[in-house]
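Each remark here refers to the structure printed beneath this line.
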Amino acid sequence: MDEEEFVPQLGKMRSRGLKARRKYVHQVLAAINRAGGLQPRRSNFTGRRIGRGGAMASVLASKDRYTAFRQRRVVVKARIVKLAGKGLNGARAHLRYVQRDGVTREGERGQLYSADKDRTEGKSFIERSEGDRHQFRFIVAPEDGAEYDDLKSFTRRLMTKMEEDLGTDLDWVAVDHFNTGHPHAHIIVRGKDDKGKDLIITPSYISTGIRERAAELVRIDLGPRVDREIEDGLKAEMIQERFTSLDRQLLRMEGEKGIIFPAGKDAFRQTLLTGRLKHLERLGLADEVRHGQWKLEDGIEDTLRRMGERGDIIKTMYREVAEKNIVHSPVDYVIHNPTALDAKSISGRVVARGLSDELNDRHYLIVDGMDGQIHYIDIGRGEATGPTPEGSIVHVSPKGIGPRRTDRTIVEVAKANGGRYNIDLHLRHDPRATEDYAKTHVRRLEAIRRGTGAVTREPNGTWIIAPDHLDHVAEYERAQAKNAPVIVNKLSNLPLEQQINKDGATWLDKGLISGHFEPTRDIGFGRDVREAMGRRQQWLVEQGLAQKEQDRIVYRSNMLSVLQKRELVRIAGQLSEQLGLAFVETRSGDSVEGVLHSAVELASSKYAVIQKSREFTLVPWRDVLERHIGKQVSGIMRNDGISWTIGRQRGIGIS
């Protein structure tokens with residue numbers, strides 16, 4: 001038979017060969033049905049491997065027994081920031097912030113540097129970033145950073161390694177900070193690769209790869225940690241009240257029903273883990289259910305992390321108070337919780353202001369209160385609270401997260417007008433309301449719109465108010481409270497000792513007349529206030545502003561206005577000489593118009609200097625004016641303040 005020939009084997013449909021194959025298929029289908037049928041295939045895709053650096057991160061993550069401990073420890077914090085919309089303004093503000101005063105070893109202003117320049121300008125970096133979708137911000141803090149004279153060389157070598165790992169050149173700037181106990185570098189990287197495309201870095205490289213590369217460099221510079229150092233460090237972890245590497249090992253060892261058997265061939269490791277478990281038992285976070293068998297409390301990681309944060313806060317408080325030579329008992333140290341049901345307001349002297357989280361710009365205040373306690377207060381993002389220099393006197397109150405009276409008024413007006421609100425509808429609804437008062441409601445709606453998008457505005461300026469508007473307001477307030485959990489009202493910029501003989505209306509004077517504040521304990525700031533009040537009374541008597549009558553002091557009815565006028569005239573005279581302009585006093589009902597020249601701090605309050613061609617005036621300051629210095633402003637002076645307009649004609653109204 002020819003090899004090319006083909007002879008088909010004909011047969012019926014149910015011939016033996018085909019029948020056997022069909023029976024097998026039927027058997028498979030029957031088995032699938034018995035198992036519950038065909039299930040839709042689930043994708044394991046998470047997107048975590050998209051981007052550059054994933055393979056290198058896997059390589060860097062592989063370690064031997066002591067590799068993780070042998071490396072010099074480096075903390076890396078990372079954040080990806082979107083630049084769309086107003087993000088570029090935030091990028092400018094961040095660059096100004098990291099270059100602020102007092103961050104170098106000498107206490108001077110920080111200086112940006114790049115791969116090839118020791119001094120570079122943030123403006124050019126921002127200009128190059130226009131159109132970028134995002135940028136990366138890193139804080140790199142070697143545990144042994146104090147061993148470096150500066151971090152420039154270390155940072156440049158790290159960025160070179162990152163470029164090799166990611167396969168692209170990087171456009172970056174950095175600033176070194178030495179203003180904390182841990183020297184660190186702030187690194188800002190553009191979100192573009194060398195081809196102009198969006199730079200995507202895998203999460204694993206951000207979370208692991210950068211840290212491992214940095215640790216390698218520090219190890220090269222300072223040498224590896226020896227086994228004895230590592231073992232001593234692990235022994236110290238046994239009794240630490242924070243989440244440690246030993247706790248991480250214990251969580252990985254949890255078996256069925258959460259039971260842990262800390263046994264094994266490595267006697268040293270077994271001793272460490274058993275010692276840690278016994279310490280956790282003393283803390284109430286572990287229980288020995290049977291001999292040699294342990295069970296950890298639910299949520300132990302979160303609990304230990306909170307304990308560690310609290311410990312760090314207490315250490316910060318001790319350090320700051322000791323530096324100021326303030327004497328207090330350890331029981332007087334309090335961490336303020338503004339969300340607690342019994343949260344109270346605090347008045348006192350600022351001991352220190354600092355950063356608890358540089359990457360997210362979260363600040364804290366340490367306040368020596370009139371209640372005789374030292375308070376640690378998380379005040380949220382730095383931009384939410386104005387300057388509070390050491391020694392200034394502040395009043396800190398919890399921030400309410402419920403709807404305001406303004407919100408309820410908006411809902412009331414909208415309910416009577418088919419779910420709509422505008423100024424005209426408000427004035428018709430309440431004839432007693434003024435247009436300026438109604439404008440404050442419009443500004444409130446605009447803030448909520450920008451914050452949540454929960455309200456809409458029609459082209460004619462009318463707002464659509466939903467029936468559940470107050471729920472959206474509560475959501476907005478909760479979001480705002482994360483950025484600013486408390487309200488910080490600066491009562492006096494003058495330290496207490498400077499107020500005693502100050503020829504101006506001071507915070508002490510207001511307290512003496514009102515009698516509203518009386519120290520509750522004779523310790524710390526409370527004691528200082530009581531002594532300062534006595535000395536201020538003597539000064540007022542000598543000035544003829546108060547007199548002694550038997551066993552009490554009687555103050556002149558116009559004492560505060562006299563003191564305020566004295567200081568205002570004195571400061572106006574000094575400014576007149578500096579500016580070469582005549583001073584004109586502004587009274588209630590007068591119009592104010594000119595260029596916002598600057599701000600001046602008096603003992604009583606802060607004033608804005610409004611300059612015209614031949615004269616100037618002083619009017620009460622508003623914090624919102626800060627970003628309008630140098631601009632044309634106008635307004636009407638009233639007893640309760642000024643309704644400002646920014647610009648010559650159509651401008652921004654500020655009440």
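All residue names refer to the structure tokens as shown: chains lettered A, B, ... in order, residues numbered from 1 in each chain, ligands numbered from 1 in order.
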Fewer than 6 positions away in the same chain doesn't count, so skip those; otherwise give me all residues within 12 Å of Asp332 in chain A, counting only C-alpha atoms, as a PDB file with all heavy atoms, in the first residue's frame.
```
ATOM      1  N   ILE A 314       4.963  59.682  75.230  1.00  0.00           N
ATOM      2  CA  ILE A 314       5.413  59.992  76.601  1.00  0.00           C
ATOM      3  C   ILE A 314       6.893  60.372  76.600  1.00  0.00           C
ATOM      4  O   ILE A 314       7.307  61.322  77.283  1.00  0.00           O
ATOM      5  CB  ILE A 314       5.164  58.791  77.529  1.00  0.00           C
ATOM      6  CG1 ILE A 314       3.648  58.537  77.685  1.00  0.00           C
ATOM      7  CG2 ILE A 314       5.791  59.032  78.892  1.00  0.00           C
ATOM      8  CD1 ILE A 314       2.888  59.675  78.329  1.00  0.00           C
ATOM      9  N   MET A 317       7.187  63.893  75.388  1.00  0.00           N
ATOM     10  CA  MET A 317       6.765  64.844  76.421  1.00  0.00           C
ATOM     11  C   MET A 317       7.862  65.026  77.473  1.00  0.00           C
ATOM     12  O   MET A 317       8.184  66.151  77.865  1.00  0.00           O
ATOM     13  CB  MET A 317       5.466  64.370  77.065  1.00  0.00           C
ATOM     14  CG  MET A 317       4.273  64.335  76.115  1.00  0.00           C
ATOM     15  SD  MET A 317       2.798  63.591  76.841  1.00  0.00           S
ATOM     16  CE  MET A 317       2.308  64.879  77.993  1.00  0.00           C
ATOM     17  N   TYR A 318       8.429  63.919  77.933  1.00  0.00           N
ATOM     18  CA  TYR A 318       9.510  64.001  78.933  1.00  0.00           C
ATOM     19  C   TYR A 318      10.687  64.826  78.403  1.00  0.00           C
ATOM     20  O   TYR A 318      11.250  65.668  79.118  1.00  0.00           O
ATOM     21  CB  TYR A 318      10.000  62.598  79.311  1.00  0.00           C
ATOM     22  CG  TYR A 318       9.127  61.870  80.301  1.00  0.00           C
ATOM     23  CD1 TYR A 318       8.933  60.493  80.212  1.00  0.00           C
ATOM     24  CD2 TYR A 318       8.492  62.542  81.336  1.00  0.00           C
ATOM     25  CE1 TYR A 318       8.127  59.815  81.118  1.00  0.00           C
ATOM     26  CE2 TYR A 318       7.692  61.870  82.244  1.00  0.00           C
ATOM     27  CZ  TYR A 318       7.513  60.515  82.127  1.00  0.00           C
ATOM     28  OH  TYR A 318       6.721  59.848  83.021  1.00  0.00           O
ATOM     29  N   VAL A 321       9.709  68.681  78.060  1.00  0.00           N
ATOM     30  CA  VAL A 321       9.518  69.314  79.371  1.00  0.00           C
ATOM     31  C   VAL A 321      10.854  69.458  80.090  1.00  0.00           C
ATOM     32  O   VAL A 321      11.127  70.488  80.724  1.00  0.00           O
ATOM     33  CB  VAL A 321       8.514  68.502  80.211  1.00  0.00           C
ATOM     34  CG1 VAL A 321       8.513  68.971  81.663  1.00  0.00           C
ATOM     35  CG2 VAL A 321       7.115  68.631  79.623  1.00  0.00           C
ATOM     36  N   ILE A 326      10.861  72.437  83.228  1.00  0.00           N
ATOM     37  CA  ILE A 326       9.544  72.462  83.869  1.00  0.00           C
ATOM     38  C   ILE A 326       9.436  71.235  84.764  1.00  0.00           C
ATOM     39  O   ILE A 326       9.723  70.109  84.335  1.00  0.00           O
ATOM     40  CB  ILE A 326       8.422  72.460  82.817  1.00  0.00           C
ATOM     41  CG1 ILE A 326       8.564  73.687  81.910  1.00  0.00           C
ATOM     42  CG2 ILE A 326       7.053  72.446  83.467  1.00  0.00           C
ATOM     43  CD1 ILE A 326       7.615  73.680  80.731  1.00  0.00           C
ATOM     44  N   VAL A 367       1.256  71.285  75.849  1.00  0.00           N
ATOM     45  CA  VAL A 367       0.735  72.461  76.551  1.00  0.00           C
ATOM     46  C   VAL A 367       0.807  72.244  78.052  1.00  0.00           C
ATOM     47  O   VAL A 367       0.329  71.224  78.573  1.00  0.00           O
ATOM     48  CB  VAL A 367      -0.727  72.742  76.129  1.00  0.00           C
ATOM     49  CG1 VAL A 367      -1.299  73.907  76.912  1.00  0.00           C
ATOM     50  CG2 VAL A 367      -0.799  73.028  74.630  1.00  0.00           C
ATOM     51  N   ASP A 368       1.421  73.200  78.744  1.00  0.00           N
ATOM     52  CA  ASP A 368       1.436  73.229  80.214  1.00  0.00           C
ATOM     53  C   ASP A 368       0.153  73.928  80.648  1.00  0.00           C
ATOM     54  O   ASP A 368       0.029  75.142  80.563  1.00  0.00           O
ATOM     55  CB  ASP A 368       2.670  73.999  80.695  1.00  0.00           C
ATOM     56  CG  ASP A 368       2.858  73.919  82.204  1.00  0.00           C
ATOM     57  OD1 ASP A 368       2.013  73.307  82.882  1.00  0.00           O
ATOM     58  OD2 ASP A 368       3.835  74.504  82.711  1.00  0.00           O
ATOM     59  N   GLY A 369      -0.834  73.140  81.072  1.00  0.00           N
ATOM     60  CA  GLY A 369      -2.168  73.666  81.306  1.00  0.00           C
ATOM     61  C   GLY A 369      -2.348  74.342  82.647  1.00  0.00           C
ATOM     62  O   GLY A 369      -1.601  74.105  83.601  1.00  0.00           O
ATOM     63  N   MET A 370      -3.389  75.167  82.701  1.00  0.00           N
ATOM     64  CA  MET A 370      -3.736  75.813  83.968  1.00  0.00           C
ATOM     65  C   MET A 370      -4.296  74.817  84.976  1.00  0.00           C
ATOM     66  O   MET A 370      -4.434  75.134  86.156  1.00  0.00           O
ATOM     67  CB  MET A 370      -4.753  76.929  83.717  1.00  0.00           C
ATOM     68  CG  MET A 370      -4.179  78.077  82.904  1.00  0.00           C
ATOM     69  SD  MET A 370      -5.343  79.433  82.683  1.00  0.00           S
ATOM     70  CE  MET A 370      -5.506  80.012  84.357  1.00  0.00           C
ATOM     71  N   ASP A 371      -4.641  73.614  84.487  1.00  0.00           N
ATOM     72  CA  ASP A 371      -5.141  72.574  85.388  1.00  0.00           C
ATOM     73  C   ASP A 371      -4.019  71.810  86.067  1.00  0.00           C
ATOM     74  O   ASP A 371      -4.267  70.817  86.759  1.00  0.00           O
ATOM     75  CB  ASP A 371      -6.047  71.616  84.623  1.00  0.00           C
ATOM     76  CG  ASP A 371      -5.331  70.951  83.434  1.00  0.00           C
ATOM     77  OD1 ASP A 371      -4.135  71.247  83.225  1.00  0.00           O
ATOM     78  OD2 ASP A 371      -5.974  70.165  82.717  1.00  0.00           O
ATOM     79  N   GLY A 372      -2.765  72.227  85.836  1.00  0.00           N
ATOM     80  CA  GLY A 372      -1.637  71.575  86.492  1.00  0.00           C
ATOM     81  C   GLY A 372      -1.148  70.330  85.785  1.00  0.00           C
ATOM     82  O   GLY A 372      -0.342  69.579  86.344  1.00  0.00           O
ATOM     83  N   GLN A 373      -1.602  70.090  84.546  1.00  0.00           N
ATOM     84  CA  GLN A 373      -1.187  68.912  83.799  1.00  0.00           C
ATOM     85  C   GLN A 373      -0.448  69.309  82.528  1.00  0.00           C
ATOM     86  O   GLN A 373      -0.644  70.404  81.996  1.00  0.00           O
ATOM     87  CB  GLN A 373      -2.411  68.053  83.436  1.00  0.00           C
ATOM     88  CG  GLN A 373      -3.106  67.447  84.646  1.00  0.00           C
ATOM     89  CD  GLN A 373      -4.302  66.598  84.251  1.00  0.00           C
ATOM     90  OE1 GLN A 373      -5.096  66.987  83.397  1.00  0.00           O
ATOM     91  NE2 GLN A 373      -4.445  65.442  84.874  1.00  0.00           N
ATOM     92  N   ILE A 374       0.394  68.380  82.055  1.00  0.00           N
ATOM     93  CA  ILE A 374       1.085  68.547  80.775  1.00  0.00           C
ATOM     94  C   ILE A 374       0.300  67.756  79.738  1.00  0.00           C
ATOM     95  O   ILE A 374       0.132  66.542  79.861  1.00  0.00           O
ATOM     96  CB  ILE A 374       2.535  68.032  80.844  1.00  0.00           C
ATOM     97  CG1 ILE A 374       3.333  68.815  81.891  1.00  0.00           C
ATOM     98  CG2 ILE A 374       3.197  68.130  79.480  1.00  0.00           C
ATOM     99  CD1 ILE A 374       3.622  70.239  81.506  1.00  0.00           C
ATOM    100  N   HIS A 375      -0.192  68.429  78.704  1.00  0.00           N
ATOM    101  CA  HIS A 375      -1.064  67.811  77.705  1.00  0.00           C
ATOM    102  C   HIS A 375      -0.332  67.649  76.376  1.00  0.00           C
ATOM    103  O   HIS A 375       0.273  68.597  75.874  1.00  0.00           O
ATOM    104  CB  HIS A 375      -2.312  68.659  77.479  1.00  0.00           C
ATOM    105  CG  HIS A 375      -3.153  68.840  78.703  1.00  0.00           C
ATOM    106  ND1 HIS A 375      -4.195  68.004  79.025  1.00  0.00           N
ATOM    107  CD2 HIS A 375      -3.093  69.772  79.693  1.00  0.00           C
ATOM    108  CE1 HIS A 375      -4.748  68.408  80.148  1.00  0.00           C
ATOM    109  NE2 HIS A 375      -4.105  69.479  80.578  1.00  0.00           N
ATOM    110  N   TYR A 376      -0.433  66.446  75.797  1.00  0.00           N
ATOM    111  CA  TYR A 376      -0.002  66.197  74.425  1.00  0.00           C
ATOM    112  C   TYR A 376      -1.251  66.231  73.558  1.00  0.00           C
ATOM    113  O   TYR A 376      -2.212  65.477  73.788  1.00  0.00           O
ATOM    114  CB  TYR A 376       0.686  64.835  74.313  1.00  0.00           C
ATOM    115  CG  TYR A 376       1.121  64.466  72.902  1.00  0.00           C
ATOM    116  CD1 TYR A 376       2.428  64.685  72.490  1.00  0.00           C
ATOM    117  CD2 TYR A 376       0.226  63.898  71.995  1.00  0.00           C
ATOM    118  CE1 TYR A 376       2.837  64.338  71.201  1.00  0.00           C
ATOM    119  CE2 TYR A 376       0.625  63.557  70.710  1.00  0.00           C
ATOM    120  CZ  TYR A 376       1.930  63.779  70.325  1.00  0.00           C
ATOM    121  OH  TYR A 376       2.322  63.440  69.050  1.00  0.00           O
ATOM    122  N   ARG A 521      -4.729  74.457  90.050  1.00  0.00           N
ATOM    123  CA  ARG A 521      -3.686  73.854  90.879  1.00  0.00           C
ATOM    124  C   ARG A 521      -2.487  74.785  90.945  1.00  0.00           C
ATOM    125  O   ARG A 521      -2.163  75.460  89.979  1.00  0.00           O
ATOM    126  CB  ARG A 521      -3.251  72.500  90.294  1.00  0.00           C
ATOM    127  CG  ARG A 521      -4.311  71.417  90.382  1.00  0.00           C
ATOM    128  CD  ARG A 521      -3.819  70.132  89.735  1.00  0.00           C
ATOM    129  NE  ARG A 521      -2.651  69.603  90.435  1.00  0.00           N
ATOM    130  CZ  ARG A 521      -1.859  68.650  89.945  1.00  0.00           C
ATOM    131  NH1 ARG A 521      -2.091  68.158  88.737  1.00  0.00           N
ATOM    132  NH2 ARG A 521      -0.819  68.215  90.634  1.00  0.00           N
ATOM    133  N   ILE A 523       0.663  74.655  90.557  1.00  0.00           N
ATOM    134  CA  ILE A 523       1.820  73.958  90.015  1.00  0.00           C
ATOM    135  C   ILE A 523       1.976  74.349  88.560  1.00  0.00           C
ATOM    136  O   ILE A 523       1.004  74.675  87.877  1.00  0.00           O
ATOM    137  CB  ILE A 523       1.652  72.416  90.144  1.00  0.00           C
ATOM    138  CG1 ILE A 523       2.935  71.694  89.733  1.00  0.00           C
ATOM    139  CG2 ILE A 523       0.477  71.923  89.319  1.00  0.00           C
ATOM    140  CD1 ILE A 523       2.897  70.196  89.998  1.00  0.00           C
ATOM    141  N   GLY A 524       3.211  74.373  88.050  1.00  0.00           N
ATOM    142  CA  GLY A 524       3.472  74.642  86.648  1.00  0.00           C
ATOM    143  C   GLY A 524       2.927  75.984  86.197  1.00  0.00           C
ATOM    144  O   GLY A 524       3.108  77.019  86.850  1.00  0.00           O
TER     145      GLY A 524
END
```
Might you pull out every residue within 9 Å of Lys77 in chain A, with only C-alpha atoms counted and same-chain residues fewer than 6 positions away left off, and present them as a PDB file with N, CA and C atoms, in the first residue's frame?
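Below is the file around-v4.pdb, written as the result:
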```pdb
ATOM      1  N   ARG A 137       6.786  60.723  47.144  1.00  0.00           N
ATOM      2  CA  ARG A 137       7.471  61.387  48.255  1.00  0.00           C
ATOM      3  C   ARG A 137       7.968  60.312  49.221  1.00  0.00           C
ATOM      4  N   PHE A 138       9.254  60.359  49.512  1.00  0.00           N
ATOM      5  CA  PHE A 138       9.868  59.387  50.406  1.00  0.00           C
ATOM      6  C   PHE A 138      10.550  60.100  51.570  1.00  0.00           C
ATOM      7  N   ILE A 139      10.497  59.487  52.732  1.00  0.00           N
ATOM      8  CA  ILE A 139      11.339  59.873  53.862  1.00  0.00           C
ATOM      9  C   ILE A 139      12.238  58.682  54.156  1.00  0.00           C
ATOM     10  N   VAL A 140      13.544  58.877  54.079  1.00  0.00           N
ATOM     11  CA  VAL A 140      14.514  57.805  54.310  1.00  0.00           C
ATOM     12  C   VAL A 140      15.323  58.165  55.548  1.00  0.00           C
ATOM     13  N   ALA A 141      15.212  57.324  56.577  1.00  0.00           N
ATOM     14  CA  ALA A 141      15.845  57.628  57.871  1.00  0.00           C
ATOM     15  C   ALA A 141      16.706  56.455  58.325  1.00  0.00           C
ATOM     16  N   ILE A 206       8.341  49.525  46.506  1.00  0.00           N
ATOM     17  CA  ILE A 206       8.185  50.683  47.393  1.00  0.00           C
ATOM     18  C   ILE A 206       8.239  50.250  48.856  1.00  0.00           C
ATOM     19  N   SER A 207       7.582  49.134  49.171  1.00  0.00           N
ATOM     20  CA  SER A 207       7.500  48.701  50.567  1.00  0.00           C
ATOM     21  C   SER A 207       8.745  47.973  51.050  1.00  0.00           C
ATOM     22  N   LEU A 359       5.623  62.851  56.908  1.00  0.00           N
ATOM     23  CA  LEU A 359       5.143  62.544  55.563  1.00  0.00           C
ATOM     24  C   LEU A 359       3.744  63.101  55.335  1.00  0.00           C
TER      25      LEU A 359
END
```
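Look at Glu231 in chain A: the protein and nucleic acid residues within 10 Å of it, using only C-alpha atoms and passing over chain neighbours fewer than 4 places away, are A:Tyr66, A:Phe69, A:Val226, A:Asp227, A:Lys235, A:Ala236, A:Glu237, A:Phe268, A:Arg269, A:Leu272.
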Show which residues sit within 12 Å of Ala343 in chain A, as a list in words. Count only C-alpha atoms, and ignore same-chain residues fewer than 2 positions away.
-> Val334, Ile335, His336, Asn337, Pro338, Thr339, Ala340, Leu341, Ser345, Ile346, Ile377, Val396, Ser397, Pro398, Lys399, Gly400, Pro485 and Val486 of chain A
With C-alpha atoms retained, could you export that selection as a PDB file, in the first residue's frame?
```
ATOM      1  CA  VAL A 334      -1.880  63.445  79.758  1.00  0.00           C
ATOM      2  CA  ILE A 335      -2.476  62.476  76.128  1.00  0.00           C
ATOM      3  CA  HIS A 336      -5.476  64.497  75.026  1.00  0.00           C
ATOM      4  CA  ASN A 337      -8.256  62.631  73.215  1.00  0.00           C
ATOM      5  CA  PRO A 338     -10.602  65.173  71.587  1.00  0.00           C
ATOM      6  CA  THR A 339     -13.090  62.468  70.538  1.00  0.00           C
ATOM      7  CA  ALA A 340     -13.697  61.211  74.086  1.00  0.00           C
ATOM      8  CA  LEU A 341     -17.142  61.871  75.516  1.00  0.00           C
ATOM      9  CA  SER A 345     -11.056  72.423  76.679  1.00  0.00           C
ATOM     10  CA  ILE A 346      -7.500  73.242  77.712  1.00  0.00           C
ATOM     11  CA  ILE A 377      -2.463  67.321  71.744  1.00  0.00           C
ATOM     12  CA  VAL A 396      -7.626  74.259  72.746  1.00  0.00           C
ATOM     13  CA  SER A 397     -11.153  72.893  72.378  1.00  0.00           C
ATOM     14  CA  PRO A 398     -12.531  69.729  70.755  1.00  0.00           C
ATOM     15  CA  LYS A 399     -13.873  70.214  67.251  1.00  0.00           C
ATOM     16  CA  GLY A 400     -17.567  69.453  66.956  1.00  0.00           C
ATOM     17  CA  PRO A 485      -9.261  67.362  65.364  1.00  0.00           C
ATOM     18  CA  VAL A 486      -9.144  70.417  67.649  1.00  0.00           C
TER      19      VAL A 486
END
```
Neighbours of Val350 in chain A within 9 Å (only C-alpha atoms; same-chain residues fewer than 6 positions away dropped), as a PDB file with all heavy atoms, in the first residue's frame?
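Just written: out_31.pdb:
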```
ATOM      1  N   LEU A 365       0.974  69.623  69.768  1.00  0.00           N
ATOM      2  CA  LEU A 365       1.307  70.656  70.743  1.00  0.00           C
ATOM      3  C   LEU A 365       1.497  69.996  72.096  1.00  0.00           C
ATOM      4  O   LEU A 365       0.760  69.060  72.444  1.00  0.00           O
ATOM      5  CB  LEU A 365       0.184  71.690  70.866  1.00  0.00           C
ATOM      6  CG  LEU A 365       0.038  72.778  69.812  1.00  0.00           C
ATOM      7  CD1 LEU A 365      -1.110  73.698  70.190  1.00  0.00           C
ATOM      8  CD2 LEU A 365       1.322  73.571  69.641  1.00  0.00           C
ATOM      9  N   ILE A 366       2.480  70.459  72.838  1.00  0.00           N
ATOM     10  CA  ILE A 366       2.608  70.091  74.240  1.00  0.00           C
ATOM     11  C   ILE A 366       2.303  71.354  75.041  1.00  0.00           C
ATOM     12  O   ILE A 366       2.970  72.375  74.876  1.00  0.00           O
ATOM     13  CB  ILE A 366       4.007  69.546  74.566  1.00  0.00           C
ATOM     14  CG1 ILE A 366       4.249  68.248  73.787  1.00  0.00           C
ATOM     15  CG2 ILE A 366       4.151  69.296  76.070  1.00  0.00           C
ATOM     16  CD1 ILE A 366       5.618  67.652  73.993  1.00  0.00           C
ATOM     17  N   VAL A 367       1.256  71.285  75.849  1.00  0.00           N
ATOM     18  CA  VAL A 367       0.735  72.461  76.551  1.00  0.00           C
ATOM     19  C   VAL A 367       0.807  72.244  78.052  1.00  0.00           C
ATOM     20  O   VAL A 367       0.329  71.224  78.573  1.00  0.00           O
ATOM     21  CB  VAL A 367      -0.727  72.742  76.129  1.00  0.00           C
ATOM     22  CG1 VAL A 367      -1.299  73.907  76.912  1.00  0.00           C
ATOM     23  CG2 VAL A 367      -0.799  73.028  74.630  1.00  0.00           C
ATOM     24  N   ASP A 368       1.421  73.200  78.744  1.00  0.00           N
ATOM     25  CA  ASP A 368       1.436  73.229  80.214  1.00  0.00           C
ATOM     26  C   ASP A 368       0.153  73.928  80.648  1.00  0.00           C
ATOM     27  O   ASP A 368       0.029  75.142  80.563  1.00  0.00           O
ATOM     28  CB  ASP A 368       2.670  73.999  80.695  1.00  0.00           C
ATOM     29  CG  ASP A 368       2.858  73.919  82.204  1.00  0.00           C
ATOM     30  OD1 ASP A 368       2.013  73.307  82.882  1.00  0.00           O
ATOM     31  OD2 ASP A 368       3.835  74.504  82.711  1.00  0.00           O
ATOM     32  N   GLY A 369      -0.834  73.140  81.072  1.00  0.00           N
ATOM     33  CA  GLY A 369      -2.168  73.666  81.306  1.00  0.00           C
ATOM     34  C   GLY A 369      -2.348  74.342  82.647  1.00  0.00           C
ATOM     35  O   GLY A 369      -1.601  74.105  83.601  1.00  0.00           O
ATOM     36  N   THR A 388       2.084  78.913  66.442  1.00  0.00           N
ATOM     37  CA  THR A 388       1.927  78.873  67.899  1.00  0.00           C
ATOM     38  C   THR A 388       3.312  78.767  68.518  1.00  0.00           C
ATOM     39  O   THR A 388       3.758  77.678  68.877  1.00  0.00           O
ATOM     40  CB  THR A 388       1.064  77.672  68.328  1.00  0.00           C
ATOM     41  OG1 THR A 388       1.541  76.489  67.660  1.00  0.00           O
ATOM     42  CG2 THR A 388      -0.393  77.875  67.973  1.00  0.00           C
ATOM     43  N   PRO A 389       4.033  79.873  68.630  1.00  0.00           N
ATOM     44  CA  PRO A 389       5.411  79.819  69.140  1.00  0.00           C
ATOM     45  C   PRO A 389       5.467  79.377  70.593  1.00  0.00           C
ATOM     46  O   PRO A 389       4.482  79.501  71.338  1.00  0.00           O
ATOM     47  CB  PRO A 389       5.896  81.263  68.968  1.00  0.00           C
ATOM     48  CG  PRO A 389       4.663  82.097  68.930  1.00  0.00           C
ATOM     49  CD  PRO A 389       3.606  81.245  68.302  1.00  0.00           C
ATOM     50  N   GLU A 390       6.613  78.848  70.981  1.00  0.00           N
ATOM     51  CA  GLU A 390       6.809  78.442  72.371  1.00  0.00           C
ATOM     52  C   GLU A 390       6.604  79.636  73.292  1.00  0.00           C
ATOM     53  O   GLU A 390       7.071  80.737  73.022  1.00  0.00           O
ATOM     54  CB  GLU A 390       8.210  77.865  72.555  1.00  0.00           C
ATOM     55  CG  GLU A 390       8.432  76.545  71.831  1.00  0.00           C
ATOM     56  CD  GLU A 390       9.828  76.007  72.050  1.00  0.00           C
ATOM     57  OE1 GLU A 390      10.545  76.550  72.921  1.00  0.00           O
ATOM     58  OE2 GLU A 390      10.224  75.061  71.338  1.00  0.00           O
ATOM     59  N   GLY A 391       5.881  79.411  74.382  1.00  0.00           N
ATOM     60  CA  GLY A 391       5.602  80.470  75.340  1.00  0.00           C
ATOM     61  C   GLY A 391       4.286  81.173  75.096  1.00  0.00           C
ATOM     62  O   GLY A 391       3.784  81.868  75.989  1.00  0.00           O
ATOM     63  N   SER A 392       3.725  81.030  73.884  1.00  0.00           N
ATOM     64  CA  SER A 392       2.428  81.657  73.620  1.00  0.00           C
ATOM     65  C   SER A 392       1.346  80.939  74.430  1.00  0.00           C
ATOM     66  O   SER A 392       1.518  79.800  74.862  1.00  0.00           O
ATOM     67  CB  SER A 392       2.107  81.621  72.135  1.00  0.00           C
ATOM     68  OG  SER A 392       2.043  80.289  71.662  1.00  0.00           O
ATOM     69  N   ILE A 393       0.227  81.619  74.616  1.00  0.00           N
ATOM     70  CA  ILE A 393      -0.859  81.087  75.435  1.00  0.00           C
ATOM     71  C   ILE A 393      -2.023  80.747  74.517  1.00  0.00           C
ATOM     72  O   ILE A 393      -2.445  81.567  73.697  1.00  0.00           O
ATOM     73  CB  ILE A 393      -1.280  82.104  76.509  1.00  0.00           C
ATOM     74  CG1 ILE A 393      -0.082  82.403  77.415  1.00  0.00           C
ATOM     75  CG2 ILE A 393      -2.442  81.575  77.344  1.00  0.00           C
ATOM     76  CD1 ILE A 393      -0.288  83.586  78.333  1.00  0.00           C
ATOM     77  N   VAL A 394      -2.530  79.535  74.644  1.00  0.00           N
ATOM     78  CA  VAL A 394      -3.558  79.052  73.730  1.00  0.00           C
ATOM     79  C   VAL A 394      -4.732  78.466  74.498  1.00  0.00           C
ATOM     80  O   VAL A 394      -4.626  78.091  75.673  1.00  0.00           O
ATOM     81  CB  VAL A 394      -2.991  77.981  72.767  1.00  0.00           C
ATOM     82  CG1 VAL A 394      -1.913  78.559  71.871  1.00  0.00           C
ATOM     83  CG2 VAL A 394      -2.454  76.776  73.546  1.00  0.00           C
TER      84      VAL A 394
END
```
Determine the nearest neighbour of Leu234 in chain A from the options A:Arg556, A:His426, A:Arg276, A:His597, counting only C-alpha atoms.
-> A:Arg276
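Candidate residues A:Arg381, A:Arg319, A:Arg109, A:Lys123 were compared for distance to Arg92 in chain A, and the nearest is A:Lys123, using only C-alpha atoms.
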